[in-house]
Structure formats: C-alpha cells, structure tokens
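As provided, entry05.cif (mmCIF, C-alpha atoms) reads as follows.
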data_final
loop_
_atom_site.label_atom_id
_atom_site.label_comp_id
_atom_site.auth_asym_id
_atom_site.auth_seq_id
_atom_site.Cartn_x
_atom_site.Cartn_y
_atom_site.Cartn_z
CA THR A 1 -20.03 -3.51 -41.11
CA SER A 2 -19.90 -0.78 -43.74
CA ALA A 3 -17.56 -0.80 -46.73
CA TRP A 4 -15.93 1.29 -49.45
CA ASN A 5 -15.00 0.24 -52.97
CA ALA A 6 -12.62 2.12 -55.29
CA PRO A 7 -12.31 0.99 -58.94
CA ILE A 8 -8.78 1.06 -60.34
CA ARG A 9 -9.60 -0.22 -63.81
CA GLY A 10 -12.97 -0.73 -65.47
CA ARG A 11 -16.45 0.39 -64.47
CA LYS A 12 -18.91 -1.07 -61.98
CA ALA A 13 -22.69 -0.66 -61.86
CA TRP A 14 -24.15 -0.49 -58.35
CA LEU A 15 -27.72 -1.05 -57.19
CA PHE A 16 -28.78 -0.13 -53.64
CA LEU A 17 -31.94 -0.62 -51.59
CA PRO A 18 -32.29 0.74 -48.04
CA PRO A 19 -32.89 -1.50 -45.03
CA GLY A 20 -36.45 -2.80 -44.92
CA HIS A 21 -36.79 -2.94 -48.73
CA VAL A 22 -35.86 -6.49 -49.68
CA PRO A 23 -34.81 -6.99 -53.33
CA PRO A 24 -37.15 -9.07 -55.49
CA GLY A 25 -36.11 -12.71 -55.60
CA VAL A 26 -34.32 -12.54 -52.24
CA TYR A 27 -35.81 -14.16 -49.14
CA PRO A 28 -34.02 -13.37 -45.85
CA SER A 29 -34.44 -15.29 -42.64
CA GLN A 30 -36.36 -13.76 -39.75
CA ASP A 31 -33.16 -12.49 -38.10
CA GLY A 32 -31.77 -11.19 -41.41
CA LEU A 33 -28.53 -13.18 -41.10
CA ASP A 34 -29.25 -15.78 -43.78
CA LEU A 35 -31.04 -15.60 -47.11
CA VAL A 36 -32.22 -17.60 -50.09
CA ALA A 37 -31.46 -16.10 -53.53
CA PRO A 38 -30.75 -17.21 -57.11
CA ARG A 39 -27.52 -19.18 -57.40
CA SER A 40 -26.06 -16.99 -60.13
CA ILE A 41 -26.08 -13.35 -61.11
CA ALA A 42 -27.40 -14.33 -64.55
CA GLN A 43 -30.50 -15.90 -62.99
CA TRP A 44 -31.18 -12.85 -60.88
CA LEU A 45 -30.68 -10.42 -63.76
CA THR A 46 -32.96 -12.43 -66.03
CA ASN A 47 -35.82 -12.76 -63.56
CA PHE A 48 -35.61 -9.85 -61.14
CA LEU A 49 -33.68 -6.91 -62.60
CA ALA A 50 -36.72 -5.32 -64.29
CA PRO A 51 -38.93 -5.22 -61.15
CA THR A 52 -35.97 -3.98 -59.12
CA LEU A 53 -35.34 -1.06 -61.48
CA ALA A 54 -39.00 -0.06 -61.07
CA LEU A 55 -38.74 0.31 -57.28
CA PRO A 56 -38.88 3.98 -56.16
CA GLN A 57 -36.46 3.27 -53.29
CA LEU A 58 -33.72 2.07 -55.67
CA ARG A 59 -30.45 4.00 -55.83
CA ALA A 60 -28.20 3.22 -58.82
CA ALA A 61 -24.82 4.51 -59.97
CA VAL A 62 -21.85 3.67 -62.19
CA ALA A 63 -18.42 3.89 -60.57
CA SER A 64 -15.31 4.54 -62.68
CA PRO A 65 -11.62 4.76 -61.78
CA GLY A 66 -11.20 7.71 -59.41
CA ASP A 67 -14.60 7.15 -57.76
CA VAL A 68 -15.15 5.68 -54.30
CA VAL A 69 -18.45 3.99 -53.44
CA PHE A 70 -19.59 3.91 -49.81
CA VAL A 71 -21.78 0.94 -48.81
CA PRO A 72 -23.67 1.68 -45.57
CA ARG A 73 -24.25 -1.10 -43.06
CA GLY A 74 -27.56 -2.87 -43.59
CA TRP A 75 -28.14 -1.66 -47.17
CA TRP A 76 -28.89 -4.27 -49.80
CA HIS A 77 -26.47 -3.92 -52.68
CA MET A 78 -25.48 -5.52 -55.95
CA VAL A 79 -22.52 -4.79 -58.21
CA ILE A 80 -21.97 -5.72 -61.87
CA ASN A 81 -18.71 -5.32 -63.75
CA LEU A 82 -19.36 -3.47 -67.01
CA ASP A 83 -15.98 -4.00 -68.67
CA PRO A 84 -14.08 -7.21 -69.56
CA PHE A 85 -11.29 -6.45 -67.08
CA THR A 86 -12.20 -4.79 -63.79
CA LEU A 87 -9.98 -4.26 -60.76
CA ALA A 88 -10.95 -2.51 -57.54
CA LEU A 89 -9.85 -2.05 -53.94
CA THR A 90 -12.42 -2.64 -51.21
CA ARG A 91 -12.39 -2.66 -47.44
CA ASN A 92 -15.01 -3.41 -44.82
CA PHE A 93 -14.91 -1.42 -41.61
CA CYS A 94 -16.80 -1.03 -38.36
CA SER A 95 -17.90 2.54 -37.66
CA PRO A 96 -18.52 3.82 -34.10
CA GLN A 97 -22.25 3.92 -34.89
CA GLY A 98 -22.23 0.29 -36.06
CA LEU A 99 -20.05 -1.05 -33.24
CA PRO A 100 -22.94 -2.26 -30.99
CA HIS A 101 -24.43 -4.25 -33.88
CA THR A 102 -21.06 -5.75 -34.82
CA LEU A 103 -20.28 -6.79 -31.26
CA ARG A 104 -23.70 -8.43 -30.90
CA LEU A 105 -23.13 -10.37 -34.13
CA LEU A 106 -19.66 -11.50 -33.00
CA ARG A 107 -21.11 -12.60 -29.66
CA ASP A 108 -24.24 -14.37 -30.91
CA ARG A 109 -23.23 -15.65 -34.38
CA PRO A 110 -19.43 -16.10 -34.50
CA HIS A 111 -19.78 -18.79 -37.21
CA LEU A 112 -20.97 -16.12 -39.67
CA VAL A 113 -17.64 -14.25 -39.63
CA SER A 114 -15.93 -14.64 -43.01
CA GLY A 115 -12.52 -13.80 -44.45
CA LEU A 116 -10.48 -15.48 -41.70
CA SER A 117 -7.43 -17.60 -42.47
CA HIS A 118 -7.91 -21.37 -42.39
CA ALA A 119 -4.26 -22.16 -43.10
CA ALA A 120 -3.58 -23.53 -39.62
CA ALA A 121 -6.32 -26.15 -40.01
CA GLY A 122 -4.74 -27.76 -43.07
CA ASP A 123 -7.06 -30.48 -44.38
CA LEU A 124 -8.94 -30.73 -41.08
CA PRO A 125 -12.58 -29.56 -40.83
CA VAL A 126 -12.76 -25.85 -40.07
CA ASP A 127 -14.58 -24.84 -36.89
CA LYS A 128 -16.01 -21.51 -38.07
CA ALA A 129 -17.54 -20.77 -34.69
CA ALA A 130 -14.15 -21.15 -32.97
CA LEU A 131 -12.46 -18.96 -35.60
CA GLY A 132 -15.15 -16.31 -35.18
CA ALA A 133 -14.86 -16.41 -31.40
CA SER A 134 -11.08 -16.05 -31.64
CA PHE A 135 -11.50 -13.03 -33.91
CA ARG A 136 -14.03 -11.53 -31.49
CA ASP A 137 -11.57 -11.83 -28.60
CA HIS A 138 -8.81 -10.23 -30.68
CA PHE A 139 -11.15 -7.44 -31.80
CA LEU A 140 -12.19 -6.69 -28.20
CA ALA A 141 -8.54 -6.67 -27.09
CA GLN A 142 -7.67 -4.14 -29.81
CA LEU A 143 -10.64 -1.97 -28.84
CA ARG A 144 -9.54 -1.97 -25.19
CA ARG A 145 -6.04 -0.99 -26.27
CA HIS A 146 -6.77 1.62 -28.94
CA ARG A 147 -10.37 2.83 -28.43
CA PRO A 148 -11.39 2.15 -24.83
CA ASP A 149 -13.74 5.12 -25.01
CA LEU A 150 -15.85 3.49 -27.73
CA LEU A 151 -15.94 0.13 -25.96
CA ALA A 152 -16.95 1.77 -22.67
CA ARG A 153 -19.76 3.63 -24.46
CA VAL A 154 -21.13 0.39 -25.91
CA GLU A 155 -20.82 -1.53 -22.65
CA ALA A 156 -22.72 1.24 -20.86
CA GLN A 157 -25.73 0.88 -23.18
CA PRO A 158 -28.74 -1.14 -21.93
CA THR A 159 -28.83 -4.55 -23.59
CA SER A 160 -32.53 -5.41 -23.31
CA LEU A 161 -35.90 -3.74 -23.59
CA TRP A 162 -36.52 -3.92 -19.84
CA ALA A 163 -33.04 -2.54 -19.17
CA LYS A 164 -33.84 0.40 -21.45
CA LEU A 165 -37.15 0.99 -19.65
CA LEU A 166 -35.46 0.79 -16.26
CA ASP A 167 -32.78 3.14 -17.53
CA ASP A 168 -35.43 5.71 -18.47
CA ASP A 169 -37.24 5.25 -15.13
CA THR A 170 -33.99 5.70 -13.24
CA ARG A 171 -33.20 8.90 -15.13
CA LEU A 172 -36.71 10.18 -14.49
CA ASP A 173 -36.51 9.44 -10.75
CA SER A 174 -33.16 11.23 -10.65
CA GLY A 175 -34.56 14.32 -12.33
CA LEU A 176 -32.46 13.75 -15.45
CA PRO A 177 -33.87 14.26 -18.97
CA VAL A 178 -35.31 11.22 -20.69
CA ASN A 179 -34.97 10.54 -24.40
CA LYS A 180 -38.50 11.48 -25.47
CA ARG A 181 -38.03 9.93 -28.89
CA ARG A 182 -37.83 6.48 -27.32
CA ARG A 183 -41.20 4.76 -27.52
CA ARG A 184 -42.06 2.13 -24.93
CA ARG A 185 -43.29 -1.16 -26.32
CA ALA A 186 -44.91 -4.26 -24.90
CA PRO A 187 -42.47 -6.97 -23.77
CA GLY A 188 -41.63 -9.47 -26.48
CA THR A 189 -42.41 -7.17 -29.41
CA THR A 190 -40.15 -5.36 -31.83
CA SER A 191 -40.49 -1.77 -33.00
CA SER A 192 -42.03 -2.86 -36.32
CA GLU A 193 -44.52 -5.14 -34.52
CA SER A 194 -45.68 -2.43 -32.17
CA SER A 195 -46.08 0.17 -34.91
CA SER A 196 -47.54 -1.84 -37.77
CA GLY A 197 -48.49 -5.26 -36.41
CA SER A 198 -45.92 -7.09 -38.56
CA THR A 199 -42.22 -7.80 -38.48
CA LYS A 200 -39.87 -6.87 -41.32
CA PRO A 201 -36.46 -8.56 -41.34
CA PRO A 202 -33.53 -6.14 -41.35
CA GLY A 203 -31.56 -5.58 -44.51
CA ALA A 204 -28.45 -7.56 -45.26
CA PRO A 205 -25.77 -7.28 -47.91
CA PHE A 206 -27.00 -8.62 -51.25
CA ALA A 207 -23.81 -8.67 -53.29
CA PHE A 208 -23.06 -10.37 -56.60
CA GLY A 209 -19.79 -9.52 -58.30
CA PHE A 210 -16.73 -10.69 -60.11
CA ALA A 211 -14.14 -8.32 -58.64
CA LEU A 212 -10.63 -9.72 -58.90
#
Let's see the structure in the file written out as structure tokens.
Amino acid sequence: TSAWNAPIRGRKAWLFLPPGHVPPGVYPSQDGLDLVAPRSIAQWLTNFLAPTLALPQLRAAVASPGDVVFVPRGWWHMVINLDPFTLALTRNFCSPQGLPHTLRLLRDRPHLVSGLSHAAAGDLPVDKAALGASFRDHFLAQLRRHRPDLLARVEAQPTSLWAKLLDDDTRLDSGLPVNKRRRRRAPGTTSSESSSGSTKPPGAPFAFGFAL
C-alpha cells in the first residue's frame, strides 16, 4: 500500500530510496516481504546513515506542520522526529494501480497483514493468518460493493507469465494490437534475471519512527 503523513506538531526528517535500491544495513528476503535490519534506530543511524546520505538515489526532506508527505508503494523510507514532541496523522491506502499487488499479498501472505484488532482473542494465541484471511474477504466484499469496476479489471488481468504470453498471442491472432513494450522472457525467470542475469528483491517499507 501507499501512505500519507501529515505533521500536526513538530518536524519530521524523511529519507527515501526507490525500489531496487536497498538501504545500507538492511537485508531483505528474496521475495521482499521480510528483512533483517538493526534492532534500533540509534544503531542504524550510527552505522549506516553516512553511507546512505552519499547515495545519489536518496531523496530527503523535512516535513513541518501544514506539510503532507506521500510515501509511494515499494519505496524504502525512514522517518526521524526532530523535536521533543511530535504528533502526526497518517493513513495507508490502496491505490487502483497498487490493487493487483495488494490482492496478491492478501491471497498469498495473509499472516503479514498488520493493524488488525486482536481483542476478540483475549489471552488466546492470535492466528494472524486467519485474521488476514478474514480481512481479505471483507476487503473483497467492499470492492464488489463499491468499486466493482476496479475488481473486474484486476480479475481480467493474466496471472502468470504463460497466461500473459497466451493473451498476447490471442490478441495477435484476432488482429488486435499487442502491447509492444511487453518483453517475452524464458519460463521460470523474472524481468531482472532476463535483463541482467541477477535477481534484485523488490523494495519494502523501511520505517523507523516514534510517532505518537
């Protein structure tokens, strides 16, 4: 998902790196859904801030009350409160462009969904996968009710490489235009493997902060 953050009191320093440019000291898993990083912001700042500031891809800014920061999906980001008391409003959201990715995550990794209420479980162990699956079903029901056009568009998209190739072949046989920007790849390879011979994990949120 993407997000926005609006400071109400105090200033926040933001650091951004685009997808494919992993921050120093951060080691994501192959699928980009998990990572290993320093346990505290102090450790990261001490050991990795200087090399990060030297990266040409870095985007940095200071947000003050009245500003709104947009955090695109897949961008690595870090936020540091610059004042003793800092208060901000933030909200994550799923854009139409990011809907296919979000639905795949909800389908394949429901246990990674965070921010859900555990009140009903009491002191019992929380089944995060079941909570995530329940949220996915609710999300799909709301899409069918309020934005069936978006859901239909996603469901009409090919879901595999061979489906995409067959989709292009079908359009070609029918005399319809084919997306010429789409490059065919060997089965079992990703776009980064076919173009450079290596695989780069996708970006994931890299967020440290003390927002109240």
Who sits within 10 Å of range 82-91 of chain A, all atoms listed in the file, same chain under 4 positions skipped, as number ranges by chain: A: 1-13, 62-65, 68-70, 210-212
Neighbour list for Gly25 in chain A as an MDAnalysis selection string, cut-off 12 Å, all atoms listed in the file, skip fewer than 5 positions in-chain: chainID A and resid 35:41 43:52 206
Looking at A:Met78, A:Gly66, A:Arg145, A:Glu155, which one is nearest to Leu17 in chain A, with distances taken over all atoms listed in the file? A:Met78
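The shortest atom-to-atom distance to Ala42 in chain A, with all atoms listed in the file taken into account, belongs to A:Ile80 out of A:His111, A:Ile80, A:Pro56, A:Arg147.
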Suppose a student applies the PyMOL selection byres ((chain A and resi 128) around 9) to this structure; what residues should they get, written as a PyMOL selection string? chain A and resi 110-114+116+126-127+129-133
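A straight line drawn from CA of Asp108 in chain A to CA of Pro23 in chain A is 25.9 Å long.
Between CA of Phe135 in chain A and CA of Gln30 in chain A there is a distance of 25.5 Å.
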List every residue of range 22-104 of chain A that has an atom at most 9 Å from any atom of range 149-152 of chain A, and for each one report the closest atom pair and its distance in Å to one decimal, counting all atoms listed in the file, with rows sorted by chain and then by increasing residue number, as JSON lines.
{"residue": "A:Pro96", "atom": "CA", "partner": "A:Leu150", "partner_atom": "CA", "distance": 6.9}
{"residue": "A:Leu99", "atom": "CA", "partner": "A:Leu150", "partner_atom": "CA", "distance": 8.3}
{"residue": "A:Pro100", "atom": "CA", "partner": "A:Leu151", "partner_atom": "CA", "distance": 8.9}
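One distance worth recording is that between CA of Arg144 in chain A and CA of Leu103 in chain A, which is 13.2 Å.
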Choose the residue, out of A:Val71, A:Leu15, A:Val154, A:Ala61, that has the smallest atom-to-atom separation from His101 in chain A; count only C-alpha atoms. A:Val154
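The residue that comes closest to Gly20 in chain A, out of A:Leu140, A:Val79, A:Gly74, A:Cys94 and on the basis of all atoms listed in the file, is A:Gly74.
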